[in-house]
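**Student:** Could you have a look at this structure, given as structure tokens, before my questions?
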Amino acid sequence: MTFTNIMRFEGGKIAELRVNLDGIGLMQQLGVIPAPVEPQLSSPIQEDDMTLRNLIYVTGVAALIFVLGDLFAAAQLANLLGGSLDAFGVGLVQVRGGVGLLYVFLAYFSRKADDNALRHVVGPTMLWGFVAQFIPILYLILTGVLNATAWIFIVLGIIFISAYIYLLYIRQ
């Protein structure tokens with residue numbers, strides 16, 4: 001520990017006495033070294049619980065999970081859902097997986113998009129993508145091609161379609 005006294009004299013008398021226990025503090029008092037400044041803490045961005053941007057993130061992650069199944073395990077997933085696919089059917093499911101991959105890319109690249117682009121381009125694209133896959137899956141369930149396990153896709157479709165309709169058209 002360093003103990004330092006600095007005295008300034010005026011007219012033969014001590015005008016100022018600085019006592020410091022460390023060299024850095026003394027240097028800061030003398031103005032040689034700038035004093036540390038408290039960092040400015042930015043206020044956190046206030047965001048609602050669910051915004052269109054968050055819904056697009058969730059959609060991108062969900063799409064990635066289903067795309068991986070469509071691309072790499074089409075026949076196995078069809079068997080799980082009560083259906084069977086020939087080579088042409090596997091190819092069609094893989095095409096659907098490729099289209100789904102485009103939705104994953106759209107969700108990823110829209111992370112920096114402004115709210116106007118999200119509301120007028122990305123959101124409606126995601127909404128109509130869910131509608132486009134919802135209708136044939138519902139048809140296949142109702143005609144008996146897919147078993148009751150496939151209802152999870154209908155439930156997820158209803159949840160996502162409702163969320164997009166609410167965030168795009170009801171809550172402005």
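Ordered as shown in the structure tokens, chains take letters A, B, and onward, while each chain numbers its residues from 1 and ligands are numbered from 1 in the order shown.
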Applying 12 Å and only C-alpha atoms, which residues near Gly91 of chain A remain after dropping the ones on its own chain fewer than 4 positions away? List them as a PDB file with C-alpha atoms, in the first residue's frame.

**Tutor:**
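File written: selection-v2.pdb
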ATOM      1  CA  ASP A  70     -39.717 -34.689 -44.530  1.00  0.00           C
ATOM      2  CA  LEU A  71     -36.287 -34.696 -46.131  1.00  0.00           C
ATOM      3  CA  PHE A  72     -34.620 -37.589 -44.325  1.00  0.00           C
ATOM      4  CA  ALA A  73     -37.370 -39.854 -42.958  1.00  0.00           C
ATOM      5  CA  ALA A  74     -40.398 -39.426 -45.225  1.00  0.00           C
ATOM      6  CA  ALA A  75     -41.366 -43.113 -45.413  1.00  0.00           C
ATOM      7  CA  LEU A  85     -45.462 -44.173 -49.504  1.00  0.00           C
ATOM      8  CA  ASP A  86     -44.064 -45.506 -52.741  1.00  0.00           C
ATOM      9  CA  ALA A  87     -41.014 -43.906 -54.337  1.00  0.00           C
ATOM     10  CA  VAL A  95     -40.386 -31.690 -52.282  1.00  0.00           C
ATOM     11  CA  ARG A  96     -42.667 -30.512 -49.477  1.00  0.00           C
ATOM     12  CA  GLY A  97     -39.624 -30.628 -47.183  1.00  0.00           C
ATOM     13  CA  GLY A  98     -37.706 -28.484 -49.666  1.00  0.00           C
TER      14      GLY A  98
END

**Student:** Do a neighbour search on segment 135-145 of chain A at 9 Å with only C-alpha atoms, toss out local chain neighbours closer than 5 positions, and write the hits as a compact mmCIF listing (two decimals) with N, CA and C atoms, in the first residue's frame.

**Tutor:**
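Output (out17.txt):
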# COMPACT_ATOMS: atom_id res chain seq x y z
N LEU A 81 -47.74 -42.25 -39.20
CA LEU A 81 -49.04 -41.61 -39.33
C LEU A 81 -50.09 -42.52 -39.97
N GLY A 82 -49.74 -43.77 -40.22
CA GLY A 82 -50.72 -44.72 -40.74
C GLY A 82 -50.76 -44.81 -42.25
N GLY A 83 -49.87 -44.17 -42.93
CA GLY A 83 -49.85 -44.22 -44.39
C GLY A 83 -48.64 -44.98 -44.88
N SER A 84 -48.61 -45.24 -46.16
CA SER A 84 -47.43 -45.85 -46.76
C SER A 84 -47.13 -45.10 -48.05
N PHE A 130 -49.04 -22.17 -43.89
CA PHE A 130 -49.75 -23.06 -42.97
C PHE A 130 -51.10 -23.48 -43.53
N ALA A 150 -51.99 -38.13 -36.87
CA ALA A 150 -51.81 -36.96 -37.74
C ALA A 150 -52.60 -35.75 -37.28
N TRP A 151 -53.52 -35.93 -36.32
CA TRP A 151 -54.28 -34.78 -35.82
C TRP A 151 -53.38 -33.75 -35.16
N PHE A 153 -50.86 -32.43 -36.43
CA PHE A 153 -50.59 -31.43 -37.46
C PHE A 153 -51.77 -30.47 -37.63
N ILE A 154 -52.97 -30.97 -37.43
CA ILE A 154 -54.15 -30.11 -37.52
C ILE A 154 -54.18 -29.15 -36.33

**Student:** Would you list the contacts of segment 99-102 of chain A as a VMD selection string, taking every protein, DNA or RNA residue within 9 Å and counting only C-alpha atoms, but skipping same-chain residues closer than 6 positions in sequence?

**Tutor:** chain A and resid 60 63 to 64 66 to 68 70 129

**Student:** For the residues in the current selection, export N, CA and C atoms as a PDB file, in the first residue's frame.

**Tutor:**
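Result saved to part20.pdb:
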ATOM      1  N   GLY A  60     -40.084 -20.675 -37.645  1.00  0.00           N
ATOM      2  CA  GLY A  60     -38.858 -21.143 -38.293  1.00  0.00           C
ATOM      3  C   GLY A  60     -38.288 -22.376 -37.624  1.00  0.00           C
ATOM      4  N   ALA A  63     -40.678 -25.299 -38.311  1.00  0.00           N
ATOM      5  CA  ALA A  63     -40.534 -25.718 -39.707  1.00  0.00           C
ATOM      6  C   ALA A  63     -39.253 -26.523 -39.900  1.00  0.00           C
ATOM      7  N   LEU A  64     -38.178 -26.118 -39.234  1.00  0.00           N
ATOM      8  CA  LEU A  64     -36.918 -26.849 -39.365  1.00  0.00           C
ATOM      9  C   LEU A  64     -37.068 -28.286 -38.870  1.00  0.00           C
ATOM     10  N   PHE A  66     -39.835 -30.137 -38.732  1.00  0.00           N
ATOM     11  CA  PHE A  66     -40.653 -30.927 -39.656  1.00  0.00           C
ATOM     12  C   PHE A  66     -39.957 -31.121 -40.999  1.00  0.00           C
ATOM     13  N   VAL A  67     -39.180 -30.145 -41.430  1.00  0.00           N
ATOM     14  CA  VAL A  67     -38.443 -30.266 -42.695  1.00  0.00           C
ATOM     15  C   VAL A  67     -37.429 -31.396 -42.614  1.00  0.00           C
ATOM     16  N   LEU A  68     -36.739 -31.500 -41.494  1.00  0.00           N
ATOM     17  CA  LEU A  68     -35.758 -32.581 -41.349  1.00  0.00           C
ATOM     18  C   LEU A  68     -36.435 -33.944 -41.471  1.00  0.00           C
ATOM     19  N   ASP A  70     -39.274 -34.528 -43.137  1.00  0.00           N
ATOM     20  CA  ASP A  70     -39.717 -34.689 -44.530  1.00  0.00           C
ATOM     21  C   ASP A  70     -38.555 -35.056 -45.450  1.00  0.00           C
ATOM     22  N   GLY A 129     -48.673 -20.355 -46.001  1.00  0.00           N
ATOM     23  CA  GLY A 129     -47.962 -21.637 -45.998  1.00  0.00           C
ATOM     24  C   GLY A 129     -48.623 -22.643 -45.066  1.00  0.00           C
TER      25      GLY A 129
END

**Student:** Please indicate the distance in Å from atom CA of Ile170 of chain A to atom CA of Leu127 of chain A, rounded to one decimal place.

**Tutor:**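 So the answer is 13.9 Å.
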
**Student:** Apply DSSP to the backbone of this structure and, from segment 21-167 of chain A, keep only the residues in alpha helix (DSSP H); write these as a count of residues only.

**Tutor:** 97

**Student:** Using only C-alpha atoms for the distances, tell me which of A:Ala15, A:Leu80, A:Met7, A:Leu55 is nearest to Thr149 of chain A.

**Tutor:** A:Leu80

**Student:** Using only C-alpha atoms, what table do you get, as a tab-separated table, when you list each residue of segment 91-152 of chain A with an atom no more than 8 Å from segment 48-54 of chain A, its nearest pair of atoms, and their distance in Å rounded to one decimal, rows by chain then rising number?

**Tutor:**
residue	atom	partner	partner_atom	distance
A:Arg111	CA	A:Arg53	CA	7.3
A:Leu118	CA	A:Arg53	CA	7.2
A:Arg119	CA	A:Leu52	CA	7.7
A:Gly123	CA	A:Leu52	CA	7.3

**Student:** Could you write out that same residue set with C-alpha atoms as a short mmCIF file (atom, residue, chain, number, x, y, z; two decimals), in the first residue's frame?

**Tutor:**
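Written output follows (selection35.cif):
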data_model
loop_
_atom_site.label_atom_id
_atom_site.label_comp_id
_atom_site.auth_asym_id
_atom_site.auth_seq_id
_atom_site.Cartn_x
_atom_site.Cartn_y
_atom_site.Cartn_z
CA ARG A 111 -34.70 -11.52 -38.26
CA LEU A 118 -42.85 -8.48 -41.43
CA ARG A 119 -46.48 -7.35 -41.51
CA GLY A 123 -46.26 -12.79 -41.97
#

**Student:** Select from segment 5-171 of chain A everything DSSP, run on the backbone, classes as strand (DSSP E), then give the selection as a list in words.

**Tutor:** Asn5, Ile6, Met7, Arg8, Phe9, Glu10, Lys13, Ile14, Ala15, Glu16, Leu17, Arg18, Val19 and Asn20 of chain A

**Student:** Export, as a tab-separated table (two decimals), in the first residue's frame, the selected residues with C-alpha atoms.

**Tutor:**
chain	number	residue	atom	x	y	z
A	5	ASN	CA	0.76	13.33	0.68
A	6	ILE	CA	0.64	16.17	-1.78
A	7	MET	CA	0.70	19.73	-0.50
A	8	ARG	CA	0.18	22.92	-2.41
A	9	PHE	CA	1.57	26.07	-0.84
A	10	GLU	CA	0.39	29.62	-1.29
A	13	LYS	CA	1.17	28.26	4.01
A	14	ILE	CA	-0.40	24.95	3.05
A	15	ALA	CA	-3.29	25.82	0.74
A	16	GLU	CA	-4.25	22.27	-0.17
A	17	LEU	CA	-3.39	18.87	1.24
A	18	ARG	CA	-4.20	15.69	-0.67
A	19	VAL	CA	-3.79	12.39	1.04
A	20	ASN	CA	-4.09	9.25	-0.99

**Student:** State, in Å with one decimal place, the distance from atom CA of Asp115 of chain A to atom CA of Leu156 of chain A.

**Tutor:**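 Interatomic distance here is 24.8 Å.
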
**Student:** Choose the residue, out of A:Ser110, A:Tyr164, A:Leu146, A:Gly157, that has the smallest atom-to-atom separation from Gln133 of chain A; count only C-alpha atoms.

**Tutor:**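 The shortest atom-to-atom distance to Gln133 of chain A comes from A:Gly157.
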